[in-house]
$ cat work33.csv   # CSV, C-alpha atoms
chain,number,residue,atom,x,y,z
A,411,MET,CA,69.6,106.8,148.3
A,412,ARG,CA,72.0,104.3,146.8
A,413,VAL,CA,70.4,101.1,145.3
A,414,ASN,CA,72.1,97.9,144.1
A,415,VAL,CA,69.9,95.7,142.0
A,416,ILE,CA,71.2,92.1,141.9
A,417,GLY,CA,70.4,90.2,138.7
A,418,MET,CA,70.1,91.9,135.3
A,419,GLY,CA,67.6,89.5,133.8
A,420,TYR,CA,64.0,90.0,132.6
A,421,ILE,CA,62.9,91.5,136.0
A,422,GLY,CA,66.0,93.1,137.5
A,423,LEU,CA,67.1,95.0,134.5
A,424,PRO,CA,63.9,96.9,133.7
A,425,THR,CA,63.5,97.6,137.5
A,426,ALA,CA,67.0,99.0,137.7
A,427,LEU,CA,66.5,101.1,134.5
A,428,MET,CA,63.1,102.4,135.7
A,429,MET,CA,64.5,103.5,139.1
A,430,ALA,CA,67.6,105.1,137.5
A,431,SER,CA,65.5,107.0,135.0
A,432,HIS,CA,63.4,108.4,137.9
A,433,GLY,CA,66.3,109.9,139.8
A,434,VAL,CA,67.5,106.9,141.9
A,435,ASN,CA,71.3,106.3,142.2
A,436,VAL,CA,71.4,102.7,140.9
A,437,VAL,CA,74.1,100.1,140.2
A,438,GLY,CA,73.0,96.9,138.4
A,439,THR,CA,75.0,93.8,139.3
A,440,ASP,CA,75.2,90.5,137.6
A,441,TYR,CA,77.7,87.6,137.9
A,442,ASN,CA,77.6,87.1,134.1
A,443,LYS,CA,80.6,89.2,132.9
A,444,ASN,CA,79.5,89.0,129.2
A,445,LEU,CA,76.1,90.3,130.1
A,446,VAL,CA,77.6,93.2,132.1
A,447,ASP,CA,80.0,94.0,129.3
A,448,GLU,CA,77.1,94.1,126.9
A,449,LEU,CA,75.2,96.5,129.2
A,450,GLN,CA,78.2,98.7,129.6
A,451,LYS,CA,78.4,99.0,125.9
A,452,ASN,CA,74.7,100.0,125.7
A,453,GLY,CA,73.9,96.6,124.2
A,454,LYS,CA,70.4,95.2,124.1
A,455,VAL,CA,70.2,91.9,126.0
A,456,PHE,CA,66.6,91.0,125.3
A,457,GLU,CA,63.7,92.3,123.3
A,458,GLU,CA,61.1,94.4,125.0
A,459,LYS,CA,58.9,97.2,123.8
A,460,GLY,CA,60.4,100.6,124.9
A,461,LEU,CA,63.4,99.0,126.6
A,462,SER,CA,66.0,100.7,124.4
A,463,GLU,CA,64.5,104.2,125.1
A,464,LEU,CA,64.4,103.4,128.8
A,465,PHE,CA,68.0,102.2,128.7
A,466,SER,CA,69.1,105.4,127.1
A,467,ALA,CA,67.3,107.5,129.7
A,468,ALA,CA,68.8,105.4,132.6
A,469,VAL,CA,72.4,105.7,131.2
A,470,LYS,CA,71.9,109.4,130.8
A,471,ALA,CA,70.7,109.6,134.5
A,472,GLY,CA,73.9,107.7,135.6
A,473,ILE,CA,73.1,104.0,136.0
A,474,ARG,CA,76.2,101.8,136.2
A,475,PHE,CA,76.7,98.1,135.7
A,476,SER,CA,79.1,95.8,137.5
A,477,THR,CA,79.9,92.2,138.3
A,478,GLU,CA,80.7,93.4,141.9
A,479,TYR,CA,78.3,94.0,144.7
A,480,GLN,CA,78.2,97.6,145.8
A,481,LYS,CA,77.9,99.6,149.0
A,482,ALA,CA,74.2,100.7,149.1
A,483,ASP,CA,71.3,101.7,151.3
A,484,ILE,CA,68.9,99.2,149.6
A,485,TYR,CA,69.7,95.9,147.9
A,486,ILE,CA,67.1,94.4,145.5
A,487,VAL,CA,67.6,90.7,144.8
A,488,SER,CA,66.0,89.7,141.5
A,489,VAL,CA,67.4,86.3,140.6
A,490,PRO,CA,65.8,83.1,139.2
A,491,THR,CA,63.9,80.8,141.6
A,492,PRO,CA,63.6,77.4,140.0
A,493,TYR,CA,62.0,74.4,141.7
A,494,LEU,CA,63.4,70.9,142.4
A,495,LYS,CA,61.5,68.6,140.0
A,496,LYS,CA,61.7,65.7,142.4
A,497,SER,CA,60.3,67.3,145.6
A,498,ARG,CA,58.5,70.2,143.8
A,499,LYS,CA,60.0,72.6,146.4
A,500,ILE,CA,61.6,75.9,145.6
A,501,ASP,CA,65.3,75.8,144.9
A,502,PRO,CA,66.5,78.9,146.7
A,503,LYS,CA,70.2,78.6,145.8
A,504,TYR,CA,70.4,81.7,143.7
A,505,VAL,CA,68.5,83.8,146.2
A,506,VAL,CA,70.7,82.5,149.0
A,507,ALA,CA,73.9,83.1,147.1
A,508,ALA,CA,72.9,86.6,146.2
A,509,CYS,CA,71.9,87.4,149.8
A,510,LYS,CA,75.2,85.9,151.1
A,511,SER,CA,77.2,88.2,148.8
A,512,VAL,CA,75.1,91.2,149.9
A,513,LEU,CA,75.8,90.4,153.6
A,514,GLU,CA,79.5,90.3,153.0
A,515,ILE,CA,79.7,93.9,152.0
A,516,CYS,CA,76.6,95.8,153.2
A,517,ASP,CA,76.6,98.1,156.2
A,518,ASP,CA,74.4,97.8,159.3
A,519,GLY,CA,71.1,99.4,158.7
A,520,ALA,CA,70.9,98.5,155.0
A,521,ILE,CA,67.7,97.0,153.6
A,522,LEU,CA,67.7,93.7,151.7
A,523,VAL,CA,64.7,93.4,149.4
A,524,VAL,CA,64.0,90.0,147.8
A,525,GLU,CA,62.0,90.7,144.6
A,526,SER,CA,62.3,87.2,143.2
A,527,THR,CA,59.1,85.1,143.5
A,528,ILE,CA,59.6,82.7,146.4
A,529,SER,CA,57.5,80.2,148.4
A,530,PRO,CA,55.9,81.3,151.6
A,531,GLY,CA,58.5,81.2,154.4
A,532,THR,CA,61.6,81.3,152.2
A,533,ILE,CA,62.9,84.5,153.7
A,534,ASP,CA,62.4,83.1,157.3
A,535,HIS,CA,63.9,79.8,156.5
A,536,CYS,CA,66.6,80.6,154.0
A,537,VAL,CA,67.5,84.3,154.3
A,538,ARG,CA,67.0,85.4,157.9
A,539,PRO,CA,69.4,82.7,159.3
A,540,LEU,CA,72.2,84.2,157.1
A,541,ILE,CA,72.1,87.6,158.8
A,542,GLY,CA,73.9,86.6,162.0
A,543,GLY,CA,74.8,89.6,164.1
A,544,LYS,CA,74.4,92.2,161.3
A,545,LYS,CA,71.6,94.7,161.7
A,546,ILE,CA,70.0,94.2,158.3
A,547,ARG,CA,66.4,94.9,157.6
A,548,LEU,CA,64.5,92.5,155.3
A,549,ALA,CA,61.6,93.0,152.9
A,550,HIS,CA,59.9,91.3,150.1
A,551,ALA,CA,58.6,93.1,147.0
A,552,PRO,CA,57.4,90.5,144.5
A,553,GLU,CA,57.5,91.5,140.9
A,554,ARG,CA,54.2,91.7,138.9
A,555,ILE,CA,55.2,92.2,135.3
A,556,ILE,CA,55.0,90.2,132.1
A,557,PRO,CA,57.3,90.1,129.1
A,558,GLY,CA,55.9,92.1,126.2
A,559,ASN,CA,54.3,94.7,128.5
A,560,MET,CA,56.9,95.1,131.2
A,561,LEU,CA,57.4,98.8,131.2
A,562,HIS,CA,53.7,99.7,131.3
A,563,GLU,CA,53.1,97.2,134.1
A,564,LEU,CA,56.1,98.4,136.1
A,565,VAL,CA,54.4,101.8,136.2
A,566,HIS,CA,50.7,100.9,136.4
A,567,ASN,CA,50.5,97.6,138.2
A,568,PRO,CA,49.8,97.6,142.0
A,569,ARG,CA,52.7,96.4,144.2
A,570,THR,CA,53.0,94.7,147.5
A,571,ILE,CA,55.7,95.4,150.1
A,572,GLY,CA,56.2,92.9,152.9
A,573,ALA,CA,58.5,93.9,155.8
A,574,ASP,CA,59.1,93.3,159.5
A,575,ASP,CA,58.2,96.8,160.5
A,576,LYS,CA,56.4,99.9,159.2
A,577,GLU,CA,59.5,102.0,158.9
A,578,THR,CA,61.2,99.5,156.6
A,579,ALA,CA,58.0,99.1,154.6
A,580,GLU,CA,57.6,102.8,154.1
A,581,THR,CA,61.3,103.2,153.0
A,582,VAL,CA,60.9,100.5,150.4
A,583,ARG,CA,57.5,101.9,149.3
A,584,SER,CA,59.1,105.3,148.8
A,585,LEU,CA,61.7,103.7,146.5
A,586,TYR,CA,59.1,101.9,144.3
A,587,ALA,CA,56.9,105.0,144.4
A,588,SER,CA,59.6,106.8,142.5
A,589,PHE,CA,58.2,105.2,139.4
A,590,CYS,CA,55.1,103.1,140.3
A,591,GLU,CA,51.9,105.2,140.0
A,592,ALA,CA,49.6,102.4,141.2
A,593,GLU,CA,48.6,101.4,144.8
A,594,ILE,CA,51.5,100.0,146.9
A,595,VAL,CA,50.1,97.8,149.7
A,596,LEU,CA,52.1,97.2,152.9
A,597,THR,CA,51.9,93.9,154.7
A,598,ASP,CA,54.1,91.3,156.5
A,599,ILE,CA,56.8,89.3,154.6
A,600,ARG,CA,55.0,85.9,154.6
A,601,THR,CA,51.8,87.4,153.4
A,602,ALA,CA,53.6,89.1,150.6
A,603,GLU,CA,55.4,85.8,149.6
A,604,MET,CA,52.1,84.0,149.7
A,605,SER,CA,50.1,86.6,147.8
A,606,LYS,CA,52.4,86.4,144.7
A,607,VAL,CA,52.4,82.7,144.6
A,608,VAL,CA,48.6,82.6,144.9
A,609,GLU,CA,48.1,85.1,142.0
A,610,ASN,CA,49.9,82.8,139.6
A,611,THR,CA,48.4,79.6,141.0
A,612,TYR,CA,44.9,81.1,140.5
A,613,ARG,CA,45.7,81.7,136.8
A,614,ASP,CA,47.2,78.2,136.4
A,615,ILE,CA,44.1,76.6,137.8
A,616,ASN,CA,41.9,78.7,135.5
A,617,ILE,CA,44.0,77.7,132.5
A,618,ALA,CA,43.9,74.1,133.5
A,619,PHE,CA,40.1,74.2,133.5
A,620,ALA,CA,40.1,75.6,130.0
A,621,ASN,CA,42.6,73.0,128.8
A,622,GLU,CA,40.5,70.2,130.3
A,623,LEU,CA,37.4,71.7,128.6
A,624,ALA,CA,39.4,71.6,125.3
A,625,LYS,CA,40.0,67.9,125.7
A,626,ILE,CA,36.4,67.2,126.6
A,627,CYS,CA,35.0,69.3,123.7
A,628,HIS,CA,37.4,67.6,121.2
A,629,GLU,CA,36.3,64.2,122.4
A,630,ALA,CA,32.6,65.2,122.1
A,631,GLY,CA,32.9,67.0,118.8
A,632,MET,CA,32.2,70.5,120.1
A,633,ASP,CA,33.9,73.9,119.7
A,634,VAL,CA,35.5,74.7,123.0
A,635,TYR,CA,36.1,78.3,122.0
A,636,GLU,CA,32.4,78.8,121.3
A,637,VAL,CA,31.5,77.1,124.6
A,638,ILE,CA,33.8,79.4,126.5
A,639,ARG,CA,32.6,82.5,124.6
A,640,ILE,CA,29.0,81.8,125.6
A,641,ALA,CA,29.8,80.8,129.2
A,642,ASN,CA,31.8,84.0,129.7
A,643,ARG,CA,28.7,86.1,128.9
A,644,HIS,CA,27.6,85.2,132.5
A,645,PRO,CA,28.7,88.2,134.6
A,646,ARG,CA,30.5,86.1,137.2
A,647,VAL,CA,32.3,83.7,134.8
A,648,ASN,CA,35.7,84.4,133.3
A,649,ILE,CA,37.2,81.3,131.8
A,650,LEU,CA,40.6,81.8,130.2
A,651,ASN,CA,41.6,80.3,126.8
A,652,PRO,CA,43.1,76.8,126.4
A,653,GLY,CA,46.5,76.5,124.8
A,654,PRO,CA,49.4,74.1,124.0
A,655,GLY,CA,50.8,74.4,127.6
A,656,VAL,CA,51.9,76.9,130.2
A,657,GLY,CA,55.2,78.6,129.9
A,658,GLY,CA,57.2,81.4,131.4
A,659,HIS,CA,58.9,81.5,134.7
A,660,CYS,CA,55.8,82.4,136.8
A,661,ILE,CA,52.6,80.5,136.2
A,662,SER,CA,54.3,77.2,135.2
A,663,VAL,CA,56.7,77.3,138.2
A,664,ASP,CA,55.1,79.1,141.2
A,665,PRO,CA,52.2,76.6,141.9
A,666,TRP,CA,54.8,73.9,142.4
A,667,PHE,CA,56.1,75.8,145.4
A,668,LEU,CA,52.8,75.2,147.2
A,669,VAL,CA,52.6,71.6,146.1
A,670,GLY,CA,56.1,71.0,147.3
A,671,ASP,CA,55.6,72.6,150.7
A,672,PHE,CA,52.0,71.4,151.3
A,673,PRO,CA,51.7,68.1,149.4
A,674,ASN,CA,48.8,66.8,151.4
A,675,LEU,CA,46.8,70.1,151.1
A,676,THR,CA,47.1,70.9,147.4
A,677,PRO,CA,45.3,68.2,145.4
A,678,LEU,CA,43.5,70.8,143.2
A,679,ILE,CA,46.7,72.8,142.5
A,680,HIS,CA,48.7,69.6,141.8
A,681,SER,CA,46.0,68.3,139.4
A,682,ALA,CA,45.9,71.7,137.6
A,683,ARG,CA,49.7,71.5,137.1
A,684,ASN,CA,49.4,68.0,135.8
A,685,VAL,CA,46.7,69.1,133.3
A,686,ASN,CA,48.8,72.0,132.0
A,687,ASP,CA,51.9,69.9,131.8
A,688,SER,CA,50.0,67.3,129.8
A,689,MET,CA,49.2,69.8,127.0
A,690,PRO,CA,52.3,69.3,124.9
A,691,GLU,CA,51.5,65.6,124.7
A,692,TYR,CA,47.9,66.5,123.8
A,693,VAL,CA,49.3,68.6,121.0
A,694,TYR,CA,51.5,65.7,119.9
A,695,ASN,CA,48.4,63.5,119.7
A,696,ARG,CA,46.5,66.1,117.7
A,697,ILE,CA,49.4,66.3,115.3
A,698,CYS,CA,49.4,62.6,114.8
A,699,GLU,CA,45.6,62.6,114.2
A,700,ILE,CA,45.9,65.3,111.6
A,701,MET,CA,48.9,63.6,109.9
A,702,ALA,CA,47.0,60.4,109.6
A,703,GLU,CA,43.9,62.2,108.2
A,704,LYS,CA,46.0,64.2,105.7
A,705,GLN,CA,48.4,61.3,104.9
A,706,ILE,CA,51.5,63.2,106.0
A,707,SER,CA,53.9,60.4,106.7
A,708,SER,CA,56.9,62.2,108.1
A,709,PHE,CA,57.4,64.6,111.0
A,710,SER,CA,60.0,66.3,108.9
A,711,ARG,CA,57.1,67.9,107.0
A,712,VAL,CA,55.6,69.2,110.3
A,713,GLY,CA,56.5,72.8,111.2
A,714,LEU,CA,56.3,74.2,114.7
A,715,TYR,CA,55.9,78.0,114.6
A,716,GLY,CA,57.1,79.6,117.7
A,717,LEU,CA,59.7,78.8,120.4
A,718,THR,CA,58.9,81.5,122.9
A,719,TYR,CA,56.4,80.9,125.6
A,720,LYS,CA,54.1,83.9,124.5
A,721,GLU,CA,53.6,86.1,121.5
A,722,ASN,CA,56.0,88.9,120.4
A,723,VAL,CA,58.7,88.4,123.0
A,724,ASP,CA,62.0,86.5,122.9
A,725,ASP,CA,61.5,84.7,126.3
A,726,THR,CA,61.7,80.9,125.8
A,727,ARG,CA,61.6,80.0,129.5
A,728,GLU,CA,59.5,76.9,130.1
A,729,SER,CA,58.2,77.2,126.5
A,730,PRO,CA,55.5,74.6,125.5
A,731,THR,CA,57.3,74.2,122.2
A,732,LEU,CA,60.5,73.2,124.0
A,733,GLN,CA,58.4,70.8,126.2
A,734,LEU,CA,56.9,69.3,123.0
A,735,LEU,CA,60.3,68.9,121.3
A,736,GLU,CA,61.6,67.2,124.5
A,737,LEU,CA,58.6,64.8,124.3
A,738,LEU,CA,59.3,64.1,120.6
A,739,GLU,CA,62.9,63.3,121.4
A,740,GLN,CA,61.9,60.8,124.0
A,741,LYS,CA,59.7,59.0,121.5
A,742,HIS,CA,62.7,58.4,119.2
A,743,LEU,CA,60.9,59.4,116.0
A,744,ASP,CA,62.6,58.7,112.7
A,745,SER,CA,62.4,62.4,111.8
A,746,ALA,CA,62.1,65.7,113.6
A,747,PRO,CA,59.8,68.7,112.8
A,748,VAL,CA,61.1,72.0,111.4
A,749,VAL,CA,61.1,74.8,113.9
A,750,TYR,CA,61.0,78.6,113.5
A,751,ASP,CA,60.6,81.7,115.6
A,752,PRO,CA,61.2,85.3,114.4
A,753,PHE,CA,62.2,86.4,117.9
A,754,VAL,CA,64.8,83.6,118.5
A,755,ASN,CA,67.9,84.4,116.4
A,756,LYS,CA,70.3,81.8,117.9
A,757,ASP,CA,70.1,78.0,117.2
A,758,MET,CA,68.4,76.4,120.1
A,759,VAL,CA,67.0,73.1,118.7
A,760,PRO,CA,67.6,70.8,115.8
A,761,ASN,CA,66.0,71.6,112.5
A,762,GLN,CA,65.6,75.2,113.4
A,763,VAL,CA,65.5,77.7,110.5
A,764,HIS,CA,65.6,81.5,110.6
A,765,ASP,CA,63.6,82.5,107.6
A,766,LEU,CA,59.8,82.4,107.5
A,767,HIS,CA,59.6,81.5,103.8
A,768,GLU,CA,62.2,78.7,104.1
A,769,PHE,CA,60.2,77.4,107.1
A,770,LEU,CA,56.9,77.5,105.1
A,771,SER,CA,58.6,75.8,102.1
A,772,LYS,CA,59.5,72.8,104.3
A,773,THR,CA,56.1,72.5,106.0
A,774,ASP,CA,53.0,70.7,105.0
A,775,LEU,CA,51.4,70.7,108.5
A,776,PHE,CA,51.8,74.2,110.1
A,777,VAL,CA,51.4,74.0,113.9
A,778,LEU,CA,51.0,77.4,115.4
A,779,MET,CA,52.4,77.2,118.9
A,780,VAL,CA,52.8,81.0,119.5
A,781,GLY,CA,50.7,83.8,118.0
A,782,HIS,CA,53.5,86.1,116.9
A,783,SER,CA,52.0,89.1,114.9
A,784,GLU,CA,54.4,88.3,112.0
A,785,ILE,CA,52.1,85.4,111.0
A,786,THR,CA,48.8,86.4,112.6
A,787,ASN,CA,48.9,89.6,110.4
A,788,ARG,CA,49.6,87.5,107.3
A,789,PRO,CA,47.2,84.5,107.3
A,790,GLU,CA,47.2,84.4,103.5
A,791,LEU,CA,50.7,82.8,103.7
A,792,LEU,CA,48.9,79.7,105.1
A,793,SER,CA,46.3,79.3,102.4
A,794,GLU,CA,47.9,76.2,101.0
A,795,LYS,CA,48.9,74.6,104.3
A,796,THR,CA,47.2,72.3,106.7
A,797,VAL,CA,47.1,74.3,109.9
A,798,LEU,CA,46.8,73.3,113.6
A,799,ASP,CA,46.1,76.5,115.5
A,800,THR,CA,46.7,75.8,119.2
A,801,ARG,CA,46.1,79.5,120.2
A,802,ASN,CA,42.8,80.2,118.3
A,803,VAL,CA,44.2,83.2,116.5
A,804,PHE,CA,43.1,82.3,113.0
A,805,SER,CA,39.6,82.3,111.5
A,806,LEU,CA,40.7,80.5,108.3
A,807,GLU,CA,38.4,78.0,106.7
A,808,GLY,CA,39.1,74.3,107.4
A,809,ILE,CA,41.9,74.7,110.0
A,810,TYR,CA,42.3,72.5,113.0
A,811,LYS,CA,42.0,73.7,116.6
A,812,LEU,CA,42.8,72.0,119.9
$ encode --input "work33.csv" --output "structure tokens"
Amino acid sequence: MRVNVIGMGYIGLPTALMMASHGVNVVGTDYNKNLVDELQKNGKVFEEKGLSELFSAAVKAGIRFSTEYQKADIYIVSVPTPYLKKSRKIDPKYVVAACKSVLEICDDGAILVVESTISPGTIDHCVRPLIGGKKIRLAHAPERIIPGNMLHELVHNPRTIGADDKETAETVRSLYASFCEAEIVLTDIRTAEMSKVVENTYRDINIAFANELAKICHEAGMDVYEVIRIANRHPRVNILNPGPGVGGHCISVDPWFLVGDFPNLTPLIHSARNVNDSMPEYVYNRICEIMAEKQISSFSRVGLYGLTYKENVDDTRESPTLQLLELLEQKHLDSAPVVYDPFVNKDMVPNQVHDLHEFLSKTDLFVLMVGHSEITNRPELLSEKTVLDTRNVFSLEGIYKL
């Protein structure tokens, strides 16, 4: 079986490597020549636990990388799916472009699998019309992994395969079963599309509830974390933790697909998105409160720790810190905060430094935006600092929380 995985990003690359290391004949394709060149030289394109070892195993097994689409039995499209901020609808341009390129070179009988997260009906509305007279079989196999634990979840998380017929579904299932040890559920394409969006929307709504509780408890002078801890002792309650915002390319994006497609039916989902999108401004207001209380007059003495959207990864997509910095820029402040992240080596924002001790020396108010283990394992470094812990990772005396 020949497989061409399209898109060598956070999802496509680990998927291609996992398949190749389990005996599948795989070519990974990406339009980005620099990325492909890096992969061909065995370069590491992003940080992920165990990825280097998996890469070596896949190369040994014969994986290849190219900017060109290949003749294959199965094509897996794993490209970004942003949304249009004005309409809140999915922007399918990358999926459409990839599928068009596949259809230009594939043979009749090939299977085209969209793995990118898409809104319900995207394959029917945007992909199926491209096929024309070709005899191509379609499927949807939404990814279910998270940066920082990708390789474990690729193997152990259940999967869903949506297809038009049982034969196609079984063929795709056999491919994923080459490495996935969990249950693989078969269904139709629209149900598969919807189930993935629903999973992330559920979590977004739960997080929004926690974030709204944080605002209420702060206003009322209560400890939101203690409230949640006690409430979660009920056997049917599982409230997630509040935070400075929702990042990543799943939870912060996918709910908008439903809002965009069903604007009159999604007031709860829309409200949850607004609550979570409001958190960077809430963090800004908390910073201002603490600055006034501690008589810190300049934002240049505020340090934002963490640029990624979650701990111990290098993924900055939809990062709450970037959202906060964008908000600060809009406010035209006289000075900007210092920014540091041990996983982000390139300069992304103004006043970014690349050494922890330099960062701490320039900081009076330390704002923890991401709980990287570098700092959570060394809380003594913050003993002389005013600390705003937006992730509730420290138990230091006298620190501020959301």
$ atom_distance --input "work33.csv" --atom1 "CA of Ala630 in chain A" --atom2 "CA of Gly657 in chain A"
27.4 Å
$ residues_around --input "work33.csv" --residues "Gly542 in chain A" --least-positions-apart "2" --cutoff "12 Å" --atoms "only C-alpha atoms" --output "compact mmCIF listing (two decimals) with C-alpha atoms, in the frame of the given file"
# COMPACT_ATOMS: atom_id res chain seq x y z
CA LYS A 510 75.20 85.90 151.10
CA LEU A 513 75.80 90.40 153.60
CA GLU A 514 79.50 90.30 153.00
CA ASP A 518 74.40 97.80 159.30
CA VAL A 537 67.50 84.30 154.30
CA ARG A 538 67.00 85.40 157.90
CA PRO A 539 69.40 82.70 159.30
CA LEU A 540 72.20 84.20 157.10
CA LYS A 544 74.40 92.20 161.30
CA LYS A 545 71.60 94.70 161.70
CA ILE A 546 70.00 94.20 158.30
$ atom_distance --input "work33.csv" --atom1 "CA of Asp744 in chain A" --atom2 "CA of Thr726 in chain A"
25.8 Å
$ residues_near_point --input "work33.csv" --point "(62.2, 86.7, 106.6)" --cutoff "12 Å" --atoms "only C-alpha atoms" --output "PyMOL selection string"
chain A and resi 750-753+755+763-770+784-785
$ residues_near_point --input "work33.csv" --point "(72.6, 91.6, 144.1)" --cutoff "8 Å" --atoms "only C-alpha atoms" --output "short mmCIF file (atom, residue, chain, number, x, y, z; two decimals) with C-alpha atoms, in the coordinates of the input"
data_model
loop_
_atom_site.label_atom_id
_atom_site.label_comp_id
_atom_site.auth_asym_id
_atom_site.auth_seq_id
_atom_site.Cartn_x
_atom_site.Cartn_y
_atom_site.Cartn_z
CA ASN A 414 72.10 97.90 144.10
CA VAL A 415 69.90 95.70 142.00
CA ILE A 416 71.20 92.10 141.90
CA GLY A 417 70.40 90.20 138.70
CA GLY A 438 73.00 96.90 138.40
CA THR A 439 75.00 93.80 139.30
CA ASP A 440 75.20 90.50 137.60
CA TYR A 479 78.30 94.00 144.70
CA TYR A 485 69.70 95.90 147.90
CA ILE A 486 67.10 94.40 145.50
CA VAL A 487 67.60 90.70 144.80
CA SER A 488 66.00 89.70 141.50
CA ALA A 508 72.90 86.60 146.20
CA CYS A 509 71.90 87.40 149.80
CA SER A 511 77.20 88.20 148.80
CA VAL A 512 75.10 91.20 149.90
#
$ atom_distance --input "work33.csv" --atom1 "CA of Pro654 in chain A" --atom2 "CA of Ser745 in chain A"
21.3 Å
$ closest_residue --input "work33.csv" --among "A:Ala587, A:Met418, A:Val506, A:Leu623" --to "Leu812 in chain A" --atoms "only C-alpha atoms"
A:Leu623
$ residues_around --input "work33.csv" --residues "range 695-697 of chain A" --least-positions-apart "4" --cutoff "10 Å" --atoms "only C-alpha atoms" --output "MDAnalysis selection string"
chainID A and resid 628 689:691 701:703 709 712 775:777 797:798 800 810:812
$ residues_around --input "work33.csv" --residues "Pro789 in chain A" --least-positions-apart "3" --cutoff "10 Å" --atoms "only C-alpha atoms" --output "PyMOL selection string"
chain A and resi 784-786+792-793+803-806
$ closest_residue --input "work33.csv" --among "A:Ala620, A:Met429, A:Val565, A:Val759" --to "Ile594 in chain A" --atoms "all atoms listed in the file"
A:Val565
$ closest_residue --input "work33.csv" --among "A:His550, A:Arg727, A:Arg569, A:Arg583" --to "Tyr420 in chain A" --atoms "all atoms listed in the file"
A:Arg727
$ closest_atom_pairs --input "work33.csv" --of "range 468-568 of chain A" --to "range 444-464 of chain A" --cutoff "10 Å" --atoms "all atoms listed in the file" --output "CSV"
residue,atom,partner,partner_atom,distance
A:Ala468,CA,A:Leu464,CA,6.1
A:Val469,CA,A:Asn452,CA,8.2
A:Lys470,CA,A:Leu464,CA,9.8
A:Ile473,CA,A:Gln450,CA,9.7
A:Arg474,CA,A:Gln450,CA,7.6
A:Phe475,CA,A:Val446,CA,6.1
A:Ser476,CA,A:Val446,CA,6.2
A:Thr477,CA,A:Val446,CA,6.7
A:Pro557,CA,A:Glu458,CA,7.1
A:Gly558,CA,A:Glu458,CA,5.8
A:Asn559,CA,A:Lys459,CA,7.0
A:Met560,CA,A:Glu458,CA,7.5
A:Leu561,CA,A:Gly460,CA,7.2
A:His562,CA,A:Gly460,CA,9.3
$ write_last_selection --input "work33.csv" --atoms "C-alpha atoms" --output "compact mmCIF listing (two decimals), in the coordinates of the input"
# COMPACT_ATOMS: atom_id res chain seq x y z
CA ALA A 468 68.80 105.40 132.60
CA VAL A 469 72.40 105.70 131.20
CA LYS A 470 71.90 109.40 130.80
CA ILE A 473 73.10 104.00 136.00
CA ARG A 474 76.20 101.80 136.20
CA PHE A 475 76.70 98.10 135.70
CA SER A 476 79.10 95.80 137.50
CA THR A 477 79.90 92.20 138.30
CA PRO A 557 57.30 90.10 129.10
CA GLY A 558 55.90 92.10 126.20
CA ASN A 559 54.30 94.70 128.50
CA MET A 560 56.90 95.10 131.20
CA LEU A 561 57.40 98.80 131.20
CA HIS A 562 53.70 99.70 131.30
$ closest_residue --input "work33.csv" --among "A:His659, A:Arg547, A:Arg683, A:Lys795" --to "Phe619 in chain A" --atoms "all atoms listed in the file"
A:Arg683
$ residues_around --input "work33.csv" --residues "Pro747 in chain A" --least-positions-apart "4" --cutoff "9 Å" --atoms "only C-alpha atoms" --output "JSON list (two decimals) with C-alpha atoms, in the frame of the given file"
[["chain", "number", "residue", "atom", "x", "y", "z"],
["A", 708, "SER", "CA", 56.90, 62.20, 108.10],
["A", 709, "PHE", "CA", 57.40, 64.60, 111.00],
["A", 710, "SER", "CA", 60.00, 66.30, 108.90],
["A", 711, "ARG", "CA", 57.10, 67.90, 107.00],
["A", 712, "VAL", "CA", 55.60, 69.20, 110.30],
["A", 713, "GLY", "CA", 56.50, 72.80, 111.20],
["A", 714, "LEU", "CA", 56.30, 74.20, 114.70],
["A", 735, "LEU", "CA", 60.30, 68.90, 121.30],
["A", 760, "PRO", "CA", 67.60, 70.80, 115.80],
["A", 761, "ASN", "CA", 66.00, 71.60, 112.50],
["A", 762, "GLN", "CA", 65.60, 75.20, 113.40],
["A", 773, "THR", "CA", 56.10, 72.50, 106.00]]
$ closest_residue --input "work33.csv" --among "A:Arg646, A:Lys741, A:Lys606, A:Arg412" --to "Ala520 in chain A" --atoms "all atoms listed in the file"
A:Arg412
$ closest_residue --input "work33.csv" --among "A:Arg554, A:Arg600, A:Arg801, A:His680" --to "Ala624 in chain A" --atoms "all atoms listed in the file"
A:Arg801
$ decode --input "work33.csv" --residues "range 587-592 of chain A" --atoms "N, CA and C atoms" --output "compact mmCIF listing (two decimals), in the first residue's frame"
# COMPACT_ATOMS: atom_id res chain seq x y z
N ALA A 587 -4.88 1.15 11.66
CA ALA A 587 -4.65 0.05 12.60
C ALA A 587 -3.22 -0.46 12.54
N SER A 588 -2.46 -0.04 11.54
CA SER A 588 -1.05 -0.43 11.48
C SER A 588 -0.29 0.09 12.69
N PHE A 589 -0.79 1.18 13.30
CA PHE A 589 -0.11 1.72 14.49
C PHE A 589 -1.06 2.02 15.64
N CYS A 590 -2.34 2.26 15.37
CA CYS A 590 -3.30 2.63 16.42
C CYS A 590 -3.80 1.38 17.14
N GLU A 591 -3.59 1.32 18.45
CA GLU A 591 -3.98 0.16 19.24
C GLU A 591 -5.35 0.32 19.89
N ALA A 592 -5.95 1.50 19.73
CA ALA A 592 -7.25 1.76 20.35
C ALA A 592 -8.38 1.43 19.37
